[in-house]
Structure formats: structure tokens, C-alpha cells
Amino acid sequence: MMRKFLILFLIIMFAPVVYSQETATAPVKSAGGVEAGKKVYTKRCIFCHGDQGGGDGIAGTRFNPKPRDFTMGLYKYRTTPNGELPTDDDLLKVVTEGLPGTGMPSWKSILSDAERRDVVSYIKTFSPKFERQKAAIPVVPFGTEIPSSKESIEKGKALFKSLECFKCHGNEGRGNGPSALTLADDKGDSIRPRNLALNWHFRGGGDVKDIYMRVNTGLNGTPMPSFKDSLDNEKSWHLANYVRSLSPEKKPELNGVIKSKKVMIAIPENPSDPFWRGVEGSGAELWFPMVGQVIREPRHFTPTVRDVFVKSVYNDKEVAFLIKWNDPSQSKDGEPLPVVGGGESEDDLFGGGEEEKPAATALDDAMAIQFPSKMSEGLKKPYFLMGDDKNSVNLWTWKGGKFTESNANGIDKEKVQGDKDQALVGGGGYKEGEYQVVVKRSILTADKENDVQFEAGRFVPIAFYAWDGHNEEAKSKRSISHWYFLLLEPPTPNDVYIYPPLVAFCVLAFGLLLQRKLRKK
Amino acid sequence: MKQSVFVAMVLVAGFGISPVQAGSVSGTIKLGVAAPEMKMIKVDKDTAVCGSADRAPEKLILSKDKGVANAVITIKGVTGGKSLDASKKIEFKQKKCKFDPHVLVIPKGATIDILNGDPITHNIHTFPKENAPLNKAQPTSLPKITSPKFEVAEVIKVQCDIHRGLMSAWFVVADSPYTVVSDASGNFKISDVPDGTYQVEIWHEALGKETKEITVKGGDAKLDVSLSPKKG
């Protein structure tokens with residue numbers, strides 16, 4: 001009797017365990033998911049997001065934006081209305097695909113689908129809001145899509161104006177609006193409106209659908225509000241189509257060789273000249289990515305300029321470059337910096353007696369093009385970051401509207417050339433969040449030691465630097481690029497139009513003659 | 001006097017004095033330390049609407065004799081007496097790039113009508129801990145937005161990000177109907193308070209929280225409070 005009871009007891013105790021193992025694909029809310037998720041989190045996530053989910057992991061201190069603080073229960077990239085929590089799928093998407101332009105990588109290739117779901121269920125435990133959410137979280141639906149067209153974009157442009165998106169995003173969407181520089185997120189950290197002209201940096205995705213969702217939901221925890229009360233389905237598509245049109249149709253591909261086109265006219269110094277606009281006159285524009293300088297102290301982990309656009313032409317006398325880069329602020333040396341959070345000071349009113357910190361000031365914005373001072377035999381290039389002891393670089397710097405030529409044998413060993421040797425000319429300036437600068441120099445100069453010499457058909461290494469004066473960027477705190485190549489395209493010789501046709505004609509004539517002779521026979 | 005008339009007078013007098021004895025609490029909130037020097041705020045955005053004159057910070061508004069405006073006075077633990085009215089109409093206005101009022105008492109469970117009286121866009125951005133957060137854009141084409149219900153009693157910071165530094169306010173979601181905001185001179189009055197001894201909580205955004213005790217016994221109970229900034 002006792003035995004039967006014991007067997008029954010064991011069956012009752014263990015059956016549920018066996019049964020639940022068979023249903024291992026239980027919904028995300030299952031306890032098993034959270035336990036397993038904690039293991040994934042501890043192994044992969046704590047370094048940035050912190051062991052208590054507060055976004056304060058040691059690795060995250062150099063990030064901008066900072067890692068998400070899960071304890072606040074505020075999430076940016078969702079398909080749910082403003083103020084609501086994200087769905088599980090929203091969270092899963094971010095873990096799977098990452099957030100481009102931030103320190104949040106894609107975990108697709110490292111974590112399995114189950115692991116990613118598990119870690120999502122664990123992350124939700126950091127904020128009591130998920131527990132308290134009784135009803136299903138509503139989702140913002142997509143209405144019938146309106147494909148992009150000239151009319152739709154025009155309508156979207158009018159909405160961009162009437163809703164006043166430009167106040168933060170700027171008239172051309174480059175994040176340079178009058179309210180842009182004083183914005184702060186819910187934690188009080190500086191946050192900037194997205195540059196809508198570079199959609200490959202949109203964290204939530206750069207497609208029309210993503211934009212539709214963002215304007216309807218807003219980004220919780222940031223100044224980006226929801227415009228849902230002012231938009232219906234049609235207006236949302238028009239606005240999304242317009243915003244999408246501010247960026248190129250496709251993300252530019254990295255092409256490591258700048259082909260400088262030969263032209264027969266005097267090269268204009270003004271970037272607004274129609275010559276520089278089209279591909280016919282001045283050739284195609286190339287894109288290069290830039291990163292922060294993190295090699296030599298003081299290092300810079302959060303640069304402003306991440307993209308530079310370049311085209312080059314030359315004529316018999318000069319080589320010219322048109323350099324474009326986006327900067328949300330036109331910075332001038334010494335001008336006061338806007339206070340993040342606006343004029344209403346968060347300081348203790350009664351602090352009194354503490355030394356007043358001197359108001360922070362901006363520095364000049366700047367850009368530089370780097371070449372090797374001398375072309376070496378073979379493929380050896382100077383060290384890409386401002387040269388080295390053995391190989392110096394020649395720098396063409398534009399700063400505060402002035403051009404300067406210098407040389408460097410290392411980041412802290414820069415020497416400006418004498419006044420007599422300054423040979424750069426050009427022009428340009430800042431408009432609606434973008435700098436456009438033309439810089440020119442003669443193809444050959446007398447100083448063969450310190451000035452890069454150009455030659456048609458020769459590959460010359462070229463690299464770029466940029467500084468945003470509103471972001472403490474000067475000297476070694478800068479954006480940098482790889483070495484790429486510049487090639488002055490040798491012009492097509494006129495012979496190409498004479499000899500081949502001549503030879504073809506002769507061959508034809510000979511062939512006809514032969515044919516006639518054979519026929520006569 | 002005729003006996004019936006006398007009885008009638010006693011009855012009338014009896015009903016005149018309400019069966020629940022009640023009074024009011026009134027007083028003045030003053031700053032207990034020297035008035036600090038406050039930097040004026042420059043208006044550098046939308047000056048056509050917001051004006052261009054410098055503004056005094058709203059963080060601490062003092063009258064000539066250091067009366068503290070926008071302090072929130074709450075009588076806690078009152079049983080009986082009036083109940084919380086979550087159905088009354090509450091308006092929160094935006095005009096000339098200013099929130100009006102700077103401190104708004106909202107009964108728990110109520111919604112508010114957010115009005116934009118300016119020809120430019122503002123956004124209402126709240127920073128609650130317990131209530132659902134809100135960040136909605138309000139262009140001039142949308143003069144009224146009705147908020148969701150405020151379900152949890154707490155103090156919520158409110159800002160317009162487009163006019164950051166110029167437009168900030170506080171929502172005080174109250175579960176006590178005995179919650180008022182002091183006026184520009186620091187004066188306040190809370191009526192229909194049943195007789196009793198209560199804790200009164202005074203809160204101000206720059207001066208923190210203070211608790212006092214008050215006893216109401218018919219008539220008006222005086223409560224003058226001197227607020228000093230909290231250290232640490």
C-alpha cells in the first residue's frame with residue numbers, strides 16, 4: 001500500500017517537470033525565460049547596461065547615446081503609442097538588429113533566437129511598469145501605404161513646415177534647428193535631433209515605414225514627441241515620404257579611389273557655382289566614413305562628423321576639391337556654448353559661495369585634407385594619423401574661413417608652413433547644417449620636400465579630418481578617416497579618335513579589295 | 001417670545017451650524033532665508049511670439065516681502081468632509097511661450113485640457129515616475145489636446161522641449177481634495193476643513209518639502225510657514 005502511494009506521489013511530483021520540458025517553447029513570460037535570460041544578460045549585457053539594468057555599465061561611459069537605462073521603462077524605438085511600453089517584438093528587434101550609429105550591436109550572429117527572447121523577458125524585469133501592464137499593449141497600425149511621388153513629397157514638405165519639425169531638425173533636416181542644441185533627454189544628458197539627410201544613421205531604421213512609425217509614436221525618454229494627434233494615415237505617409245527624400249536613395253557605397261576629372265575651364269572657388277552641382281561638369285561625389293580619434297590622448301569617443309563627401313577636378317594648372325560635411329552648429333572660436341537644458345538652471349539656487357565656473361565657449365569648426373608630403377617609391381604610406389618620424393604628411397586645413405598649409409610628423413608635431421609658402425585658395429561656408437568648402441592648389445609647386453606634387457595617372461594617398469567646435473573638438477580630439485587614393489584621371493588622348501577608325505577603315509578596304517580579286521578569278 | 005418661534009429659531013440655528021464642525025486653514029508661505037540672486041533667462045527662440053525681454057526664472061517667485069508663490073499646501077489624513085472631484089474641467093494653457101499655471105493641481109483620476117494659444121508649435125513633455133509619460137506635439141492647428149487620466153498621486157515635471165528653459169511647469173496629482181497652490185504673495189486658503197488635528201505638507205520646487213501640524217476647530221486656523229532650502 002505504501003509502495004503504491006509512493007509511486008503515485010513520485011508521478012505527481014515529477015510529471016509537471018517532464019510536461020513543462022516538452023513545452024520548452026513557452027511564451028516569453030515564462031519563468032524559465034527570465035532565468036535563462038539572466039544568464040545571457042550577465043554574460044553579454046552588463047558591461048554596458050549595468051548589472052542592475054541602469055545603463056551604467058563601465059563600458060558605456062564613453063558612449064553617446066548612453067546605454068539604455070532599463071529601470072526607467074522608457075524605450076525609443078517602438079510600434080506602440082506615445083508613453084506606452086514597447087512590445088516584446090520591439091525589444092527583440094533591437095537586440096537582434098542592434099542600433100546603427102550607437103554602441104548597441106546586432107546580436108543576431110551571437111545569440112540564438114531563443115536566447116534573444118530569453119534576454120528580452122529578463123530585461124523587462126528591470127522596470128515595474130511591465131508587471132503593472134494588465135492590458136495588451138496597443139500597436140500603431142499602418143494604414144494603406146501611399147508610395148512616394150512628387151506630389152506626396154510636396155505635401156510632406158508643407159507638413160514639415162506647419163508642424164514645425166524644422167525647429168529641431170532644421171530647414172533641410174540636418175539637425176541644426178534653433179532648438180536643437182539645448183535639448184536634453186529624460187536623464188538630463190545632451191541629446192541631438194537626428195540629421196534627416198543621413199538616413200543610414202537612423203537607429204530605428206531609415207525606411208519610409210520606420211519614419212511613419214517614429215512620427216506617430218514619438219521616442220519615449222527623449223524630446224521627440226508624437227505627432228499622432230495632428231496626423232492621419234495619409235498625412236503620415238506624405239510626411240514620411242518627404243523626410244525620406246532628404247536622404248539619398250541608397251546609402252552611398254565606399255569607393256576607395258577619388259577620380260579627379262580633367263576639365264578645360266577655370267575652376268570656380270564658390271561651391272554654389274553650378275559647375276559643382278552636377279555629375280557632368282565636376283564628376284561624381286564620393287562618400288567616406290569618419291570615426292573619432294581614439295589612438296592618441298586626449299582621445300575622442302563621441303565625434304560629431306561621421307560622414308564626409310568629396311569630389312575633385314583638375315585643369316592644366318590646379319587641382320581642386322569640394323569637401324562637404326554636416327555639422328548641426330556653426331561654431332566660432334570664443335562664442336558662448338548653449339546650455340543643455342536651456343536657460344532654466346538646474347543648479348541649486350542657494351548654492352552661493354561656490355566659484356562660478358567660466359562659461360564654456362565654442363571653438364572654430366575645421367576640416368583638413370592630408371597627403372603624404374613626398375611620394376615614396378612603392379606603396380609605403382606615412383602613418384595615417386598625421387604621419388610618422390620618417391614620413392611626414394602635408395595638410396591643407398580650413399579653419400574659421402582660412403586656409404593653412406602645414407606638415408606633420410605625428411599628431412603633436414605639426415608645423416605650419418611659412419607665409420610665403422601658403423598657396424591654398426578656395427571658398428565656401430556654412431548653410432543649413434552643412435559646410436561646403438572648395439580648396440585649390442597648383443598641381444606642382446617649387447617646394448618638393450613639403451608640398452605634395454600631383455601628376456596625372458598617379459595614385460596619391462588622401463585622408464580627411466574634421467572638427468566640430470561645439471563638441472570640444474580641437475587638436476587631437478577630432479574625426480579621422482582612413483587613407484584612400486586620389487587619381488588625376490589622364491585625359492583620353494585624341495589619337496583614340498583617329499587611329500582606331502583609320503585602322504578599321506584600312507582593314508575594311510583591304511578586305512573588300514581581296515574579295516573583288518577572288519571573285520574575278 | 002412665543003415658544004414655537006423660539007424652538008424654530010433654535011432649530012434654524014442648529015441647522016445653520018452644520019452637523020460636521022468645519023473651518024478653514026489659511027496663511028502665508030514665506031522664504032526663511034535671504035532671497036538668492038537669480039540670473040535672468042534670455043529669450044532666444046521665437047522672439048516674435050515669446051517676446052525678447054529677459055525673463056525672471058519661475059523656479060522661485062517671491063513677492064516683495066519674500067512671500068513664496070507656487071508652493072503646494074496639502075492637508076493630509078482628512079476623513080469626512082469634501083471628496084475628490086475628478087470630473088471638473090481643468091485647463092492647462094500655453095500662451096506667449098509660458099505655461100499657465102506654473103503649478104497645476106490635478107485630482108487623481110482626472111484628465112486635463114491642454115490648450116495652445118500660440119501661433120507656433122509647442123510640445124508637452126512630462127517626466128512622471130508612476131503615471132504614464134506623455135510627449136505630444138501641439139502645433140497651432142491643434143488648439144486642444146485632452147490628456148489621459150492621471151491615475152497615481154505624484155508630482156510631475158512638465159517641459160516644452162522646443163522652448164526648453166522658457167517653458168516648464170509642475171503637475172501635482174493629488175489624492176487629497178485639500179490641496180491648494182499659494183498665490184503670488186505666498187497666501188493660501190483651504191476651506192471646508194472638518195475639525196481635527198492634521199499634518200500639513202508644504203512643497204516647493206526649489207525649497208523641498210516641509211511638514212507642519214494644524215488644528216482646525218471651527219473658524220480659520222492660521223498657518224504661516226517659513227520655508228528654507230533643504231541641505232543635501
# chains A, B, ... in the order shown; residues from 1 in each chain; ligands from 1
>>> interface_residues(of="chain A", to="chain B", cutoff="7 Å", atoms="only C-alpha atoms", output="list in words")
Asn82, Gly83, Leu163, Glu164, Lys167, Pro178, Ser179, Thr182, Leu183, Pro223, Pro225, Ser226, Phe227, Ser230, Gly341, Gly342, Gly343, Glu344, Leu349 and Phe350 of chain A
>>> write_last_selection(atoms="N, CA and C atoms", output="short mmCIF file (atom, residue, chain, number, x, y, z; two decimals), in the first residue's frame")
data_model
loop_
_atom_site.label_atom_id
_atom_site.label_comp_id
_atom_site.auth_asym_id
_atom_site.auth_seq_id
_atom_site.Cartn_x
_atom_site.Cartn_y
_atom_site.Cartn_z
N ASN A 82 2.63 56.79 -28.01
CA ASN A 82 3.46 57.59 -27.12
C ASN A 82 3.18 57.28 -25.66
N GLY A 83 4.22 57.11 -24.89
CA GLY A 83 4.08 56.86 -23.46
C GLY A 83 3.89 55.41 -23.10
N LEU A 163 3.92 71.73 -39.02
CA LEU A 163 4.09 71.08 -37.71
C LEU A 163 5.33 71.62 -37.01
N GLU A 164 6.15 72.33 -37.77
CA GLU A 164 7.36 72.98 -37.25
C GLU A 164 8.45 71.98 -36.85
N LYS A 167 12.07 73.24 -36.28
CA LYS A 167 12.54 73.90 -35.06
C LYS A 167 13.66 73.11 -34.42
N PRO A 178 16.78 75.82 -34.55
CA PRO A 178 17.07 76.75 -33.45
C PRO A 178 16.93 76.15 -32.07
N SER A 179 16.15 75.08 -31.93
CA SER A 179 16.01 74.47 -30.61
C SER A 179 16.89 73.26 -30.42
N THR A 182 19.96 72.79 -27.31
CA THR A 182 19.71 72.83 -25.86
C THR A 182 18.88 71.64 -25.40
N LEU A 183 18.64 70.68 -26.27
CA LEU A 183 17.79 69.56 -25.91
C LEU A 183 18.49 68.62 -24.94
N PRO A 223 13.18 64.26 -26.29
CA PRO A 223 12.29 65.37 -26.68
C PRO A 223 11.42 65.10 -27.91
N PRO A 225 8.49 64.23 -29.79
CA PRO A 225 7.12 63.92 -29.37
C PRO A 225 6.40 63.09 -30.42
N SER A 226 5.20 62.68 -30.07
CA SER A 226 4.34 62.04 -31.04
C SER A 226 3.53 63.13 -31.74
N PHE A 227 3.37 62.98 -33.06
CA PHE A 227 2.55 63.92 -33.82
C PHE A 227 1.22 63.29 -34.21
N SER A 230 -1.97 65.13 -34.80
CA SER A 230 -2.04 66.04 -35.94
C SER A 230 -1.96 65.32 -37.28
N GLY A 341 19.62 71.92 -21.69
CA GLY A 341 18.53 72.06 -20.74
C GLY A 341 17.98 73.47 -20.70
N GLY A 342 18.57 74.35 -21.50
CA GLY A 342 18.03 75.70 -21.61
C GLY A 342 18.49 76.60 -20.49
N GLY A 343 17.95 77.83 -20.48
CA GLY A 343 18.40 78.81 -19.50
C GLY A 343 17.96 78.50 -18.10
N GLU A 344 16.89 77.71 -17.97
CA GLU A 344 16.42 77.45 -16.61
C GLU A 344 17.39 76.52 -15.93
N LEU A 349 19.69 76.95 -6.33
CA LEU A 349 19.65 78.42 -6.26
C LEU A 349 20.42 78.96 -5.07
N PHE A 350 20.50 78.13 -4.05
CA PHE A 350 21.08 78.62 -2.80
C PHE A 350 22.50 78.13 -2.62
#
>>> residues_around(residues="Val200 in chain B", least_positions_apart="5", cutoff="6 Å", atoms="only C-alpha atoms", output="number ranges by chain")
B: 74-76, 211-213
>>> atom_distance(atom1="CA of Ala22 in chain B", atom2="CA of Glu201 in chain B")
19.5 Å
>>> atom_distance(atom1="CA of Gly256 in chain A", atom2="CA of Pro271 in chain A")
23.1 Å
>>> select_by_dssp(residues="range 61-302 of chain A", states="helix (DSSP H, G or I)", output="PyMOL selection string")
chain A and resi 61-62+70-72+88-97+113-126+128-132+150-162+166-169+180-182+199-201+208-217+228-230+233-245+274-276+279-282
>>> residues_around(residues="Glu205 in chain B", least_positions_apart="5", cutoff="12 Å", atoms="only C-alpha atoms", output="JSON list (two decimals) with C-alpha atoms, in the first residue's frame")
[["chain", "number", "residue", "atom", "x", "y", "z"],
["A", 346, "GLU", "CA", 19.11, 73.03, -12.71],
["A", 348, "ASP", "CA", 20.81, 74.79, -6.56],
["A", 349, "LEU", "CA", 19.65, 78.42, -6.26],
["B", 58, "GLU", "CA", 9.95, 80.65, -12.47],
["B", 59, "LYS", "CA", 11.83, 78.32, -10.19],
["B", 60, "LEU", "CA", 11.41, 80.73, -7.26],
["B", 61, "ILE", "CA", 8.89, 83.54, -7.47],
["B", 68, "VAL", "CA", 6.69, 82.30, -1.91],
["B", 69, "ALA", "CA", 4.41, 81.75, -4.90],
["B", 70, "ASN", "CA", 3.54, 78.31, -6.30],
["B", 71, "ALA", "CA", 4.04, 76.40, -3.06],
["B", 72, "VAL", "CA", 1.71, 73.41, -2.76],
["B", 102, "HIS", "CA", 3.17, 77.08, -13.40],
["B", 103, "VAL", "CA", 1.92, 74.60, -10.80],
["B", 155, "VAL", "CA", 4.45, 65.47, -8.54],
["B", 156, "ILE", "CA", 5.30, 65.55, -12.26],
["B", 157, "LYS", "CA", 7.72, 67.87, -14.03],
["B", 168, "SER", "CA", 8.42, 74.43, -17.56],
["B", 169, "ALA", "CA", 5.66, 73.59, -15.10],
["B", 170, "TRP", "CA", 4.56, 71.05, -12.49],
["B", 171, "PHE", "CA", 1.52, 68.81, -12.33],
["B", 172, "VAL", "CA", 0.61, 67.91, -8.75],
["B", 210, "GLU", "CA", 8.15, 70.63, 4.94],
["B", 227, "LEU", "CA", 10.41, 77.69, 4.10],
["B", 228, "SER", "CA", 14.13, 77.29, 3.99],
["B", 229, "PRO", "CA", 16.10, 75.36, 1.39],
["B", 230, "LYS", "CA", 16.96, 71.82, 2.38]]
